[in-house]
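Enquirer: Got a file for you: data00.cif, mmCIF, C-alpha atoms and all ligand atoms.
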data_model
#
loop_
_atom_site.label_atom_id
_atom_site.label_comp_id
_atom_site.auth_asym_id
_atom_site.auth_seq_id
_atom_site.Cartn_x
_atom_site.Cartn_y
_atom_site.Cartn_z
CA MET Q 1127 13.22 -4.58 -31.81
CA ALA Q 1128 10.49 -2.84 -29.79
CA LYS Q 1129 11.51 -1.40 -26.43
CA ILE Q 1130 10.42 -3.61 -23.54
CA THR Q 1131 8.26 -1.97 -20.89
CA ALA Q 1132 6.96 -3.53 -17.67
CA ALA Q 1133 3.20 -3.99 -17.61
CA ILE Q 1134 0.86 -5.16 -14.88
CA THR Q 1135 -0.95 -8.11 -16.46
CA ALA Q 1136 -2.95 -9.48 -13.52
CA VAL Q 1137 -4.02 -8.47 -10.01
CA GLY Q 1138 -5.42 -10.25 -6.94
CA LYS Q 1139 -6.45 -9.41 -3.40
CA TYR Q 1140 -7.36 -10.72 0.03
CA VAL Q 1141 -8.84 -9.13 3.11
CA PRO Q 1142 -9.72 -11.04 6.30
CA ASP Q 1143 -13.41 -11.61 7.11
CA TYR Q 1144 -13.49 -9.85 10.48
CA ILE Q 1145 -14.81 -6.28 10.20
CA LEU Q 1146 -13.77 -3.83 12.91
CA THR Q 1147 -16.31 -1.00 12.70
CA ASN Q 1148 -16.13 2.53 14.10
CA GLN Q 1149 -18.96 1.49 16.41
CA GLU Q 1150 -16.85 -1.32 17.90
CA LEU Q 1151 -13.90 1.08 18.30
CA GLU Q 1152 -16.22 3.39 20.27
CA THR Q 1153 -16.42 0.62 22.89
CA MET Q 1154 -12.62 0.26 23.03
CA VAL Q 1155 -11.27 3.84 23.15
CA ASP Q 1156 -12.59 7.38 23.64
CA THR Q 1157 -13.65 8.08 20.05
CA ASN Q 1158 -16.76 8.25 17.92
CA ASP Q 1159 -17.92 7.44 14.41
CA GLU Q 1160 -18.42 11.11 13.52
CA TRP Q 1161 -14.82 12.04 14.45
CA ILE Q 1162 -13.27 9.09 12.61
CA THR Q 1163 -15.40 9.54 9.50
CA SER Q 1164 -14.90 13.30 9.18
CA ARG Q 1165 -11.14 13.25 10.00
CA THR Q 1166 -10.14 10.15 8.04
CA GLY Q 1167 -12.98 8.86 5.82
CA ILE Q 1168 -12.71 5.42 7.45
CA LYS Q 1169 -15.84 3.45 8.41
CA GLU Q 1170 -14.40 -0.01 8.93
CA ARG Q 1171 -11.22 -2.08 8.58
CA ARG Q 1172 -10.47 -5.81 8.31
CA ILE Q 1173 -8.59 -7.66 11.04
CA LEU Q 1174 -6.85 -11.05 10.86
CA LYS Q 1175 -7.99 -12.52 14.15
CA GLU Q 1176 -6.80 -16.13 13.94
CA GLU Q 1177 -3.84 -16.80 16.18
CA GLY Q 1178 -0.61 -17.97 14.60
CA LYS Q 1179 -1.34 -16.37 11.23
CA GLY Q 1180 0.88 -13.54 10.04
CA THR Q 1181 1.42 -11.38 6.98
CA SER Q 1182 2.37 -14.39 4.83
CA PHE Q 1183 -1.16 -15.74 5.30
CA LEU Q 1184 -2.55 -12.56 3.71
CA ALA Q 1185 0.13 -12.51 0.99
CA ILE Q 1186 -0.45 -16.16 0.04
CA LYS Q 1187 -4.22 -15.61 -0.25
CA ALA Q 1188 -3.79 -12.53 -2.47
CA ALA Q 1189 -1.26 -14.33 -4.68
CA GLU Q 1190 -3.54 -17.38 -4.97
CA ASP Q 1191 -6.44 -15.13 -5.98
CA LEU Q 1192 -4.30 -13.69 -8.79
CA ILE Q 1193 -3.01 -17.12 -9.87
CA HIS Q 1194 -6.40 -18.83 -9.94
CA LYS Q 1195 -8.32 -16.00 -11.61
CA ASN Q 1196 -5.74 -15.73 -14.38
CA ASN Q 1197 -4.69 -19.35 -14.84
CA ILE Q 1198 -1.05 -18.59 -14.07
CA ASP Q 1199 1.33 -21.50 -13.56
CA PRO Q 1200 3.24 -20.53 -10.40
CA LYS Q 1201 6.23 -22.50 -11.69
CA ASP Q 1202 6.67 -19.80 -14.37
CA ILE Q 1203 7.16 -17.01 -11.80
CA ASP Q 1204 10.79 -15.83 -11.64
CA LEU Q 1205 10.69 -13.58 -8.59
CA VAL Q 1206 8.33 -12.92 -5.68
CA ILE Q 1207 8.67 -9.65 -3.78
CA VAL Q 1208 6.62 -9.10 -0.64
CA ALA Q 1209 6.36 -5.41 0.17
CA THR Q 1210 5.59 -5.22 3.88
CA ALA Q 1211 6.20 -3.32 7.08
CA THR Q 1212 5.03 -6.26 9.20
CA PRO Q 1213 7.02 -9.33 8.12
CA ASP Q 1214 6.14 -12.67 9.72
CA MET Q 1215 9.49 -12.64 11.52
CA LEU Q 1216 12.42 -10.29 11.75
CA VAL Q 1217 14.86 -12.59 10.02
CA ALA Q 1218 13.23 -15.42 8.01
CA SER Q 1219 11.90 -13.76 4.84
CA THR Q 1220 8.11 -13.58 4.44
CA ALA Q 1221 8.45 -13.59 0.64
CA VAL Q 1222 10.45 -16.81 0.59
CA TYR Q 1223 7.80 -18.64 2.62
CA THR Q 1224 5.04 -17.13 0.47
CA ALA Q 1225 6.73 -18.17 -2.79
CA THR Q 1226 7.13 -21.76 -1.60
CA LYS Q 1227 3.53 -21.97 -0.37
CA ILE Q 1228 2.05 -20.73 -3.65
CA GLY Q 1229 4.13 -23.21 -5.64
CA ALA Q 1230 6.53 -20.66 -7.16
CA ILE Q 1231 9.26 -23.24 -6.80
CA ASN Q 1232 11.46 -21.78 -9.54
CA ALA Q 1233 11.40 -18.26 -8.14
CA PHE Q 1234 13.71 -16.49 -5.74
CA ALA Q 1235 12.10 -14.12 -3.27
CA TYR Q 1236 12.72 -11.31 -0.82
CA ASP Q 1237 10.94 -8.68 1.29
CA LEU Q 1238 11.00 -4.96 0.60
CA GLN Q 1239 10.34 -2.48 3.40
CA ALA Q 1240 9.59 1.19 2.91
CA ALA Q 1241 6.62 1.62 5.29
CA CYS Q 1242 3.52 2.87 3.44
CA SER Q 1243 5.56 3.37 0.24
CA SER Q 1244 6.68 -0.28 0.14
CA PHE Q 1245 4.43 -1.25 -2.77
CA LEU Q 1246 5.23 1.92 -4.73
CA TYR Q 1247 8.98 1.34 -4.40
CA GLY Q 1248 8.34 -2.33 -5.21
CA MET Q 1249 6.72 -1.27 -8.50
CA SER Q 1250 9.98 0.45 -9.39
CA THR Q 1251 12.00 -2.66 -8.50
CA ALA Q 1252 9.70 -5.10 -10.30
CA SER Q 1253 9.59 -2.90 -13.41
CA SER Q 1254 13.36 -2.54 -13.53
CA TYR Q 1255 13.86 -6.32 -13.55
CA ILE Q 1256 11.40 -6.67 -16.42
CA GLU Q 1257 12.78 -3.74 -18.44
CA SER Q 1258 16.31 -5.11 -18.11
CA GLY Q 1259 15.13 -8.32 -19.78
CA ARG Q 1260 16.47 -10.40 -16.92
CA TYR Q 1261 13.12 -11.82 -15.75
CA LYS Q 1262 9.75 -12.38 -17.43
CA LYS Q 1263 7.32 -12.76 -14.52
CA VAL Q 1264 7.72 -10.77 -11.30
CA LEU Q 1265 5.01 -11.11 -8.66
CA LEU Q 1266 4.80 -8.10 -6.38
CA ILE Q 1267 2.64 -8.52 -3.28
CA GLY Q 1268 1.80 -5.74 -0.82
CA ALA Q 1269 0.71 -7.24 2.49
CA ASP Q 1270 0.45 -6.03 6.05
CA LYS Q 1271 -1.01 -7.32 9.27
CA MET Q 1272 -1.09 -3.90 10.89
CA SER Q 1273 -3.17 -5.23 13.80
CA SER Q 1274 0.00 -7.02 15.00
CA ILE Q 1275 1.74 -3.69 15.75
CA ILE Q 1276 -1.20 -1.53 16.86
CA ASP Q 1277 -1.96 -0.54 20.44
CA TYR Q 1278 -5.74 -0.89 20.72
CA THR Q 1279 -5.78 1.51 23.65
CA ASP Q 1280 -4.22 4.31 21.56
CA ARG Q 1281 -7.02 6.17 19.79
CA ALA Q 1282 -4.56 8.12 17.64
CA THR Q 1283 -3.49 4.99 15.73
CA CYS Q 1284 -5.98 2.16 16.30
CA ILE Q 1285 -8.73 3.87 14.32
CA ILE Q 1286 -6.59 4.19 11.21
CA PHE Q 1287 -4.99 0.87 10.35
CA GLY Q 1288 -6.29 -2.44 9.00
CA ASP Q 1289 -5.02 -5.75 7.60
CA GLY Q 1290 -5.00 -6.82 3.95
CA ALA Q 1291 -3.01 -7.81 0.88
CA GLY Q 1292 -2.95 -7.25 -2.86
CA ALA Q 1293 -0.83 -8.69 -5.65
CA ALA Q 1294 0.24 -7.59 -9.13
CA LEU Q 1295 2.06 -9.54 -11.82
CA PHE Q 1296 4.62 -7.63 -13.93
CA GLU Q 1297 5.46 -8.90 -17.42
CA PRO Q 1298 7.23 -7.53 -20.51
CA ASN Q 1299 5.17 -5.49 -22.97
CA GLU Q 1300 6.11 -4.47 -26.49
CA GLU Q 1301 3.25 -2.00 -27.10
CA GLY Q 1302 4.69 0.67 -24.84
CA LEU Q 1303 2.18 -0.06 -22.07
CA GLY Q 1304 2.96 -0.39 -18.35
CA PHE Q 1305 5.57 1.52 -16.38
CA GLN Q 1306 6.40 4.95 -17.86
CA ASP Q 1307 8.09 7.15 -15.23
CA GLU Q 1308 8.80 7.49 -11.52
CA TYR Q 1309 9.73 10.19 -9.05
CA LEU Q 1310 10.67 8.55 -5.74
CA ARG Q 1311 11.87 10.43 -2.67
CA SER Q 1312 12.88 9.80 0.96
CA ASP Q 1313 13.99 11.89 3.94
CA GLY Q 1314 15.30 10.56 7.26
CA VAL Q 1315 13.89 13.56 9.09
CA GLY Q 1316 10.67 11.53 9.24
CA ARG Q 1317 12.02 8.78 11.49
CA GLU Q 1318 10.93 10.59 14.65
CA PHE Q 1319 7.30 11.00 13.65
CA LEU Q 1320 6.18 7.51 12.61
CA LYS Q 1321 7.97 4.53 14.11
CA ILE Q 1322 8.14 1.53 16.41
CA ASP Q 1323 10.79 2.28 18.99
CA ALA Q 1324 11.57 -1.21 20.23
CA GLY Q 1325 12.23 -4.61 18.72
CA GLY Q 1326 14.87 -3.45 16.27
CA SER Q 1327 18.65 -3.24 16.65
CA ILE Q 1328 18.69 0.11 18.45
CA LEU Q 1329 16.38 -0.98 21.23
CA PRO Q 1330 15.85 -4.73 21.39
CA THR Q 1331 12.70 -5.93 23.12
CA SER Q 1332 12.98 -6.14 26.90
CA GLU Q 1333 10.62 -6.23 29.85
CA GLU Q 1334 11.06 -2.47 30.07
CA THR Q 1335 10.11 -1.82 26.41
CA LEU Q 1336 7.09 -4.08 26.74
CA LYS Q 1337 5.96 -2.27 29.86
CA ASN Q 1338 6.27 1.05 28.01
CA ASN Q 1339 4.31 -0.18 24.97
CA GLN Q 1340 7.31 0.59 22.76
CA HIS Q 1341 6.62 -2.40 20.51
CA TYR Q 1342 3.61 -0.60 19.00
CA VAL Q 1343 3.41 1.98 16.22
CA HIS Q 1344 3.70 5.54 17.41
CA GLN Q 1345 2.64 8.35 15.09
CA GLU Q 1346 2.62 12.11 15.46
CA GLY Q 1347 -0.40 12.34 13.23
CA ARG Q 1348 -0.55 16.08 12.68
CA THR Q 1349 3.10 16.32 11.58
CA VAL Q 1350 2.87 13.29 9.30
CA PHE Q 1351 -0.35 14.70 7.87
CA LYS Q 1352 1.34 17.98 6.89
CA PHE Q 1353 4.31 16.26 5.24
CA ALA Q 1354 2.00 13.80 3.47
CA VAL Q 1355 -0.30 16.46 2.03
CA SER Q 1356 2.43 18.64 0.56
CA ASN Q 1357 4.76 15.87 -0.60
CA MET Q 1358 2.19 13.58 -2.22
CA ALA Q 1359 0.75 16.54 -4.10
CA ASP Q 1360 4.22 17.78 -5.13
CA VAL Q 1361 5.39 14.50 -6.64
CA SER Q 1362 2.10 13.88 -8.43
CA GLU Q 1363 2.22 17.35 -9.96
CA LYS Q 1364 5.83 16.80 -11.01
CA ILE Q 1365 5.07 13.45 -12.70
CA LEU Q 1366 2.23 15.06 -14.66
CA GLU Q 1367 4.41 17.97 -15.79
CA ARG Q 1368 7.33 15.76 -16.75
CA ASN Q 1369 5.13 13.56 -18.93
CA ASN Q 1370 3.00 16.35 -20.43
CA LEU Q 1371 -0.10 14.93 -18.79
CA THR Q 1372 -3.11 17.05 -17.84
CA LYS Q 1373 -6.18 16.53 -15.69
CA GLU Q 1374 -7.95 15.55 -18.93
CA THR Q 1375 -5.41 12.93 -20.04
CA VAL Q 1376 -4.99 11.32 -16.63
CA ASN Q 1377 -7.62 8.59 -16.25
CA TRP Q 1378 -6.99 7.56 -12.65
CA LEU Q 1379 -5.22 8.69 -9.51
CA VAL Q 1380 -4.20 5.62 -7.45
CA PRO Q 1381 -3.34 7.18 -4.07
CA HIS Q 1382 -2.15 5.53 -0.86
CA GLN Q 1383 -5.14 5.28 1.47
CA ALA Q 1384 -4.00 6.93 4.71
CA ASN Q 1385 -6.57 9.66 5.07
CA LYS Q 1386 -9.39 10.83 2.78
CA ARG Q 1387 -8.31 14.44 3.32
CA ILE Q 1388 -4.75 13.71 2.09
CA ILE Q 1389 -6.15 11.97 -1.00
CA GLU Q 1390 -8.48 14.90 -1.74
CA ALA Q 1391 -5.67 17.42 -1.32
CA THR Q 1392 -3.53 15.51 -3.84
CA ALA Q 1393 -6.41 15.24 -6.32
CA ASN Q 1394 -7.22 18.95 -5.93
CA ARG Q 1395 -3.62 20.00 -6.56
CA ILE Q 1396 -3.63 18.26 -9.96
CA GLY Q 1397 -7.21 19.38 -10.58
CA LEU Q 1398 -8.55 15.85 -10.93
CA ALA Q 1399 -12.31 15.18 -10.86
CA GLU Q 1400 -13.54 13.04 -7.97
CA GLU Q 1401 -14.66 10.19 -10.25
CA LYS Q 1402 -11.06 9.72 -11.42
CA VAL Q 1403 -9.77 9.12 -7.89
CA MET Q 1404 -9.63 5.53 -6.65
CA MET Q 1405 -10.75 5.27 -3.05
CA ASN Q 1406 -11.64 2.35 -0.76
CA ILE Q 1407 -10.38 3.73 2.55
CA SER Q 1408 -13.88 3.65 4.05
CA LYS Q 1409 -13.87 -0.19 3.84
CA TYR Q 1410 -10.29 -1.08 4.74
CA GLY Q 1411 -8.63 1.87 6.50
CA ASN Q 1412 -4.88 2.20 6.00
CA THR Q 1413 -3.46 -1.23 5.10
CA THR Q 1414 0.06 0.23 4.60
CA SER Q 1415 1.75 -1.82 1.80
CA ALA Q 1416 -1.57 -3.22 0.57
CA THR Q 1417 -3.46 -0.01 -0.24
CA LEU Q 1418 -2.32 0.38 -3.87
CA PRO Q 1419 -2.81 -3.24 -5.04
CA LEU Q 1420 -6.15 -3.43 -3.19
CA LEU Q 1421 -7.28 -0.40 -5.20
CA LEU Q 1422 -6.17 -2.05 -8.45
CA ALA Q 1423 -8.08 -5.22 -7.58
CA ASP Q 1424 -11.22 -3.31 -6.54
CA TYR Q 1425 -11.20 -1.10 -9.66
CA GLU Q 1426 -9.89 -3.71 -12.14
CA LYS Q 1427 -13.20 -4.01 -14.02
CA GLU Q 1428 -13.33 -0.25 -14.63
CA LEU Q 1429 -9.81 -0.01 -16.04
CA LYS Q 1430 -9.23 0.07 -19.79
CA LYS Q 1431 -6.18 -0.76 -21.88
CA GLY Q 1432 -4.17 2.42 -22.40
CA ASP Q 1433 -5.56 4.27 -19.34
CA ASN Q 1434 -3.07 6.66 -17.73
CA LEU Q 1435 -2.68 5.84 -14.03
CA ILE Q 1436 -0.85 8.06 -11.54
CA PHE Q 1437 0.22 6.25 -8.36
CA ALA Q 1438 1.17 8.29 -5.29
CA ALA Q 1439 2.15 7.26 -1.78
CA PHE Q 1440 3.60 8.66 1.42
CA GLY Q 1441 4.85 6.77 4.46
CA GLY Q 1442 7.12 6.41 7.44
CA GLY Q 1443 10.79 7.12 7.08
CA PHE Q 1444 9.75 9.43 5.40
CA THR Q 1445 9.29 7.70 2.04
CA TRP Q 1446 7.13 8.94 -0.81
CA GLY Q 1447 6.79 9.23 -4.55
CA SER Q 1448 4.71 8.97 -7.67
CA ILE Q 1449 4.68 6.55 -10.60
CA TYR Q 1450 3.08 6.93 -14.03
CA LEU Q 1451 1.85 3.66 -15.55
CA LYS Q 1452 -0.24 2.88 -18.62
CA TRP Q 1453 -2.78 0.13 -17.93
CA ALA Q 1454 -2.26 -2.87 -20.21
CA TYR Q 1455 -5.58 -4.74 -20.43
CA THR Q 1456 -9.36 -4.46 -20.41
CA LYS Q 1457 -11.27 -7.13 -18.47
O1 LIG N 1501 0.17 6.03 5.98
C1 LIG N 1501 1.34 6.54 6.53
C2 LIG N 1501 1.27 7.98 6.73
N1 LIG N 1501 0.29 8.32 7.71
C3 LIG N 1501 -0.55 9.30 7.46
O2 LIG N 1501 -0.54 9.85 6.38
C4 LIG N 1501 -1.46 9.75 8.58
C5 LIG N 1501 -1.43 11.24 8.68
N2 LIG N 1501 -2.21 11.77 9.79
C6 LIG N 1501 -3.55 11.74 9.84
O3 LIG N 1501 -4.21 11.15 9.01
C7 LIG N 1501 -4.22 12.54 10.92
O4 LIG N 1501 -3.26 13.36 11.53
C8 LIG N 1501 -4.94 11.70 12.00
C9 LIG N 1501 -6.15 11.02 11.41
C10 LIG N 1501 -3.99 10.67 12.56
C11 LIG N 1501 -5.42 12.61 13.12
O5 LIG N 1501 -6.25 13.64 12.61
P1 LIG N 1501 -5.95 15.17 12.95
O6 LIG N 1501 -7.01 15.93 12.29
O7 LIG N 1501 -4.53 15.46 12.53
O8 LIG N 1501 -6.12 15.20 14.49
P2 LIG N 1501 -5.08 15.66 15.63
O9 LIG N 1501 -4.07 14.60 15.86
O10 LIG N 1501 -4.61 17.03 15.29
O11 LIG N 1501 -6.03 15.74 16.87
C12 LIG N 1501 -7.14 16.66 16.93
C13 LIG N 1501 -7.91 16.38 18.20
C14 LIG N 1501 -7.03 16.27 19.43
O12 LIG N 1501 -7.73 16.83 20.53
P3 LIG N 1501 -7.40 18.32 21.01
O13 LIG N 1501 -5.94 18.31 21.37
O14 LIG N 1501 -7.71 19.20 19.84
O15 LIG N 1501 -8.32 18.49 22.17
C15 LIG N 1501 -6.90 14.79 19.62
O16 LIG N 1501 -6.66 14.44 20.97
O17 LIG N 1501 -8.61 15.14 18.08
C16 LIG N 1501 -8.25 14.30 19.19
N3 LIG N 1501 -8.25 12.92 18.73
C17 LIG N 1501 -9.35 12.15 18.69
N4 LIG N 1501 -10.63 12.38 19.05
C18 LIG N 1501 -11.52 11.39 18.86
C19 LIG N 1501 -7.20 12.21 18.24
N5 LIG N 1501 -7.61 10.97 17.91
C20 LIG N 1501 -8.94 10.91 18.17
C21 LIG N 1501 -9.91 9.90 18.01
N6 LIG N 1501 -11.19 10.18 18.38
N7 LIG N 1501 -9.62 8.68 17.51
#
For this file, write the structure as structure tokens.
Ligand code: UT7
Expert:
Amino acid sequence: MAKITAAITAVGKYVPDYILTNQELETMVDTNDEWITSRTGIKERRILKEEGKGTSFLAIKAAEDLIHKNNIDPKDIDLVIVATATPDMLVASTAVYTATKIGAINAFAYDLQAACSSFLYGMSTASSYIESGRYKKVLLIGADKMSSIIDYTDRATCIIFGDGAGAALFEPNEEGLGFQDEYLRSDGVGREFLKIDAGGSILPTSEETLKNNQHYVHQEGRTVFKFAVSNMADVSEKILERNNLTKETVNWLVPHQANKRIIEATANRIGLAEEKVMMNISKYGNTTSATLPLLLADYEKELKKGDNLIFAAFGGGFTWGSIYLKWAYTK
């Protein structure tokens, strides 16, 4: 019997309509389009403005896009994982609500949180369930409403993040396509440099924490930047070496979209030509758990069956890693 691998067989996406441009940010904080563009590569990001709508709204839309475009019966889905750093609520699972709303009534569901590496780690989880033979259809959604945790008076963070969601369906493959290898890392030293201080179990929300803006994301950008550049490049290089891949045999780099300069540094380290690097950061900014599936959805038409894809991500915690996957279909 052929070995079962875990292939991505369908993708979907959703971004909110509202576009927050660099020009609008210039009216909110002391910044300018030239600084943002040259330091990050970001021109605009999408924001979910409607009150009362959270990350599940984005996740449901992305899942529905995947389901409708590919004629999937949601009743056939076994498991729904929502990778997110901004769940609807602290306790009630965003994935459970999402699964019910999309009609995945036979699935179980849970959230997975690893900051900007949530989707990457989720790929490992989804693939393992498929490879084990336990489940046949795992829907992995990366979704974040970053605008819900951003201080729009803090120019160091508000220019970077945006809202969005992407979804990927994992199914068994007997041609050797799909998930091939992973190198996933984490290091708690990172906790100090990218975090939300309040609202968790160490420092529950209080009048004091609200007054001090401790319910917003705080990032020491320069430190995170340094760790991200070296670590994302290291793991990508390692995955290539381990799988005897070269810059010629890699078809695509699928990098987390945090900063154009970090992406370029990773691509340069493995010697990859610019046209092999997926990039949409200029349109969406950093959507945290949604960057990788949004890339897949945006580039889906260019991907060919058998293409070698190298995923790489870095995020808070610190969390980071690289995954090698062979694309399983041509549109
Ligand atoms: O996705 C999860 C992981 N996150 C990341 O990978 C993000 C990593 N970090 C970064 O992408 C970059 O560090 C940032 C984009 C956040 C910042 O870029 P930078 O080149 O590292 O800038 P910096 O923080 O070193 O600041 C340089 C200067 C400072 O002024 P002085 O001290 O040199 O006078 C900042 O105050 O730029 C200033 N600055 C700004 N100026 C205009 C910081 N933010 C802004 C701004 N507009 N928005």
Enquirer: Which residues sit within 9 Å of ligand LIG 1501 (chain N), counting all atoms listed in the file, listed as a VMD selection string?
Expert: chain Q and resid 1151 to 1152 1155 to 1162 1164 to 1166 1241 to 1243 1280 to 1287 1320 1345 to 1355 1382 to 1388 1412 to 1414 1439 to 1442 1444
Enquirer: Take the residues that were just selected and, keeping C-alpha atoms, output them as an mmCIF file, keeping the file's coordinate frame.
Expert:
data_model
loop_
_atom_site.group_PDB
_atom_site.id
_atom_site.type_symbol
_atom_site.label_atom_id
_atom_site.label_comp_id
_atom_site.auth_asym_id
_atom_site.auth_seq_id
_atom_site.Cartn_x
_atom_site.Cartn_y
_atom_site.Cartn_z
ATOM 1 C CA LEU Q 1151 -13.900 1.080 18.300
ATOM 2 C CA GLU Q 1152 -16.220 3.390 20.270
ATOM 3 C CA VAL Q 1155 -11.270 3.840 23.150
ATOM 4 C CA ASP Q 1156 -12.590 7.380 23.640
ATOM 5 C CA THR Q 1157 -13.650 8.080 20.050
ATOM 6 C CA ASN Q 1158 -16.760 8.250 17.920
ATOM 7 C CA ASP Q 1159 -17.920 7.440 14.410
ATOM 8 C CA GLU Q 1160 -18.420 11.110 13.520
ATOM 9 C CA TRP Q 1161 -14.820 12.040 14.450
ATOM 10 C CA ILE Q 1162 -13.270 9.090 12.610
ATOM 11 C CA SER Q 1164 -14.900 13.300 9.180
ATOM 12 C CA ARG Q 1165 -11.140 13.250 10.000
ATOM 13 C CA THR Q 1166 -10.140 10.150 8.040
ATOM 14 C CA ALA Q 1241 6.620 1.620 5.290
ATOM 15 C CA CYS Q 1242 3.520 2.870 3.440
ATOM 16 C CA SER Q 1243 5.560 3.370 0.240
ATOM 17 C CA ASP Q 1280 -4.220 4.310 21.560
ATOM 18 C CA ARG Q 1281 -7.020 6.170 19.790
ATOM 19 C CA ALA Q 1282 -4.560 8.120 17.640
ATOM 20 C CA THR Q 1283 -3.490 4.990 15.730
ATOM 21 C CA CYS Q 1284 -5.980 2.160 16.300
ATOM 22 C CA ILE Q 1285 -8.730 3.870 14.320
ATOM 23 C CA ILE Q 1286 -6.590 4.190 11.210
ATOM 24 C CA PHE Q 1287 -4.990 0.870 10.350
ATOM 25 C CA LEU Q 1320 6.180 7.510 12.610
ATOM 26 C CA GLN Q 1345 2.640 8.350 15.090
ATOM 27 C CA GLU Q 1346 2.620 12.110 15.460
ATOM 28 C CA GLY Q 1347 -0.400 12.340 13.230
ATOM 29 C CA ARG Q 1348 -0.550 16.080 12.680
ATOM 30 C CA THR Q 1349 3.100 16.320 11.580
ATOM 31 C CA VAL Q 1350 2.870 13.290 9.300
ATOM 32 C CA PHE Q 1351 -0.350 14.700 7.870
ATOM 33 C CA LYS Q 1352 1.340 17.980 6.890
ATOM 34 C CA PHE Q 1353 4.310 16.260 5.240
ATOM 35 C CA ALA Q 1354 2.000 13.800 3.470
ATOM 36 C CA VAL Q 1355 -0.300 16.460 2.030
ATOM 37 C CA HIS Q 1382 -2.150 5.530 -0.860
ATOM 38 C CA GLN Q 1383 -5.140 5.280 1.470
ATOM 39 C CA ALA Q 1384 -4.000 6.930 4.710
ATOM 40 C CA ASN Q 1385 -6.570 9.660 5.070
ATOM 41 C CA LYS Q 1386 -9.390 10.830 2.780
ATOM 42 C CA ARG Q 1387 -8.310 14.440 3.320
ATOM 43 C CA ILE Q 1388 -4.750 13.710 2.090
ATOM 44 C CA ASN Q 1412 -4.880 2.200 6.000
ATOM 45 C CA THR Q 1413 -3.460 -1.230 5.100
ATOM 46 C CA THR Q 1414 0.060 0.230 4.600
ATOM 47 C CA ALA Q 1439 2.150 7.260 -1.780
ATOM 48 C CA PHE Q 1440 3.600 8.660 1.420
ATOM 49 C CA GLY Q 1441 4.850 6.770 4.460
ATOM 50 C CA GLY Q 1442 7.120 6.410 7.440
ATOM 51 C CA PHE Q 1444 9.750 9.430 5.400
#
Enquirer: Go ahead and compute the interatomic distance for CA of Ala1218 in chain Q and CA of Ala1293 in chain Q, in Å to one decimal.
Expert: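 So the answer is 20.7 Å.
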Enquirer: CA of Val1137 in chain Q and CA of Val1343 in chain Q are how many Å apart?
Expert: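 According to the coordinates, CA of Val1137 in chain Q and CA of Val1343 in chain Q are separated by 29.2 Å.
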Enquirer: Have a look at Q:Asp1270, Q:Asp1202, Q:Glu1300, Q:Glu1374 and name the one nearest to Glu1257 in chain Q; count all atoms listed in the file.
Expert: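 Nearest to Glu1257 in chain Q: Q:Glu1300.
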Enquirer: Would you mind reading off the distance between CA of Ser1362 in chain Q and CA of Phe1305 in chain Q, one decimal, in Å?
Expert: 15.1 Å
Enquirer: Looking at Q:Leu1379, Q:Ala1221, Q:Leu1246, Q:Leu1238, which one is nearest to Gly1397 in chain Q, with distances taken over only C-alpha atoms?
Expert: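 Ranked by minimum distance to Gly1397 in chain Q, first place goes to Q:Leu1379.
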Enquirer: Contacts of range 1422-1428 of chain Q at 7 Å or less, counting all atoms listed in the file, minus same-chain residues fewer than 2 places along, as an mmCIF file with C-alpha atoms, in the coordinates of the input?
Expert:
data_model
loop_
_atom_site.group_PDB
_atom_site.id
_atom_site.type_symbol
_atom_site.label_atom_id
_atom_site.label_comp_id
_atom_site.auth_asym_id
_atom_site.auth_seq_id
_atom_site.Cartn_x
_atom_site.Cartn_y
_atom_site.Cartn_z
ATOM 1 C CA VAL Q 1137 -4.020 -8.470 -10.010
ATOM 2 C CA GLY Q 1138 -5.420 -10.250 -6.940
ATOM 3 C CA LYS Q 1139 -6.450 -9.410 -3.400
ATOM 4 C CA LEU Q 1418 -2.320 0.380 -3.870
ATOM 5 C CA PRO Q 1419 -2.810 -3.240 -5.040
ATOM 6 C CA LEU Q 1420 -6.150 -3.430 -3.190
ATOM 7 C CA LYS Q 1430 -9.230 0.070 -19.790
ATOM 8 C CA LYS Q 1457 -11.270 -7.130 -18.470
#
Enquirer: I'd like the contact shell of range 1309-1316 of chain Q - 7 Å cut-off, only C-alpha atoms, skipping same-chain residues fewer than 6 positions apart - returned as number ranges by chain.
Expert: Q: 1361, 1365, 1442-1449
Enquirer: At a cut-off of 6 Å around the point (9.8, -16.1, -7.6) (file coordinates), what residues fall inside when counting all atoms listed in the file? I'd like the answer as a count of residues only.
Expert: 8
Enquirer: If you count all atoms listed in the file, which residues fall within 7 Å of Asp1289 in chain Q, apart from same-chain ones fewer than 3 positions away, as a list of chain:residue names?
Expert: Q:Val1141, Q:Arg1172, Q:Ile1173, Q:Leu1174, Q:Asp1270, Q:Lys1271, Q:Met1272, Q:Ser1273, Q:Thr1413
Enquirer: Nearest residue to Ser1327 in chain Q out of Q:Leu1216, Q:Ala1211, Q:Ile1389, Q:Ile1276, using all atoms listed in the file?
Expert: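 Closest to Ser1327 in chain Q, using all atoms listed in the file: Q:Leu1216.
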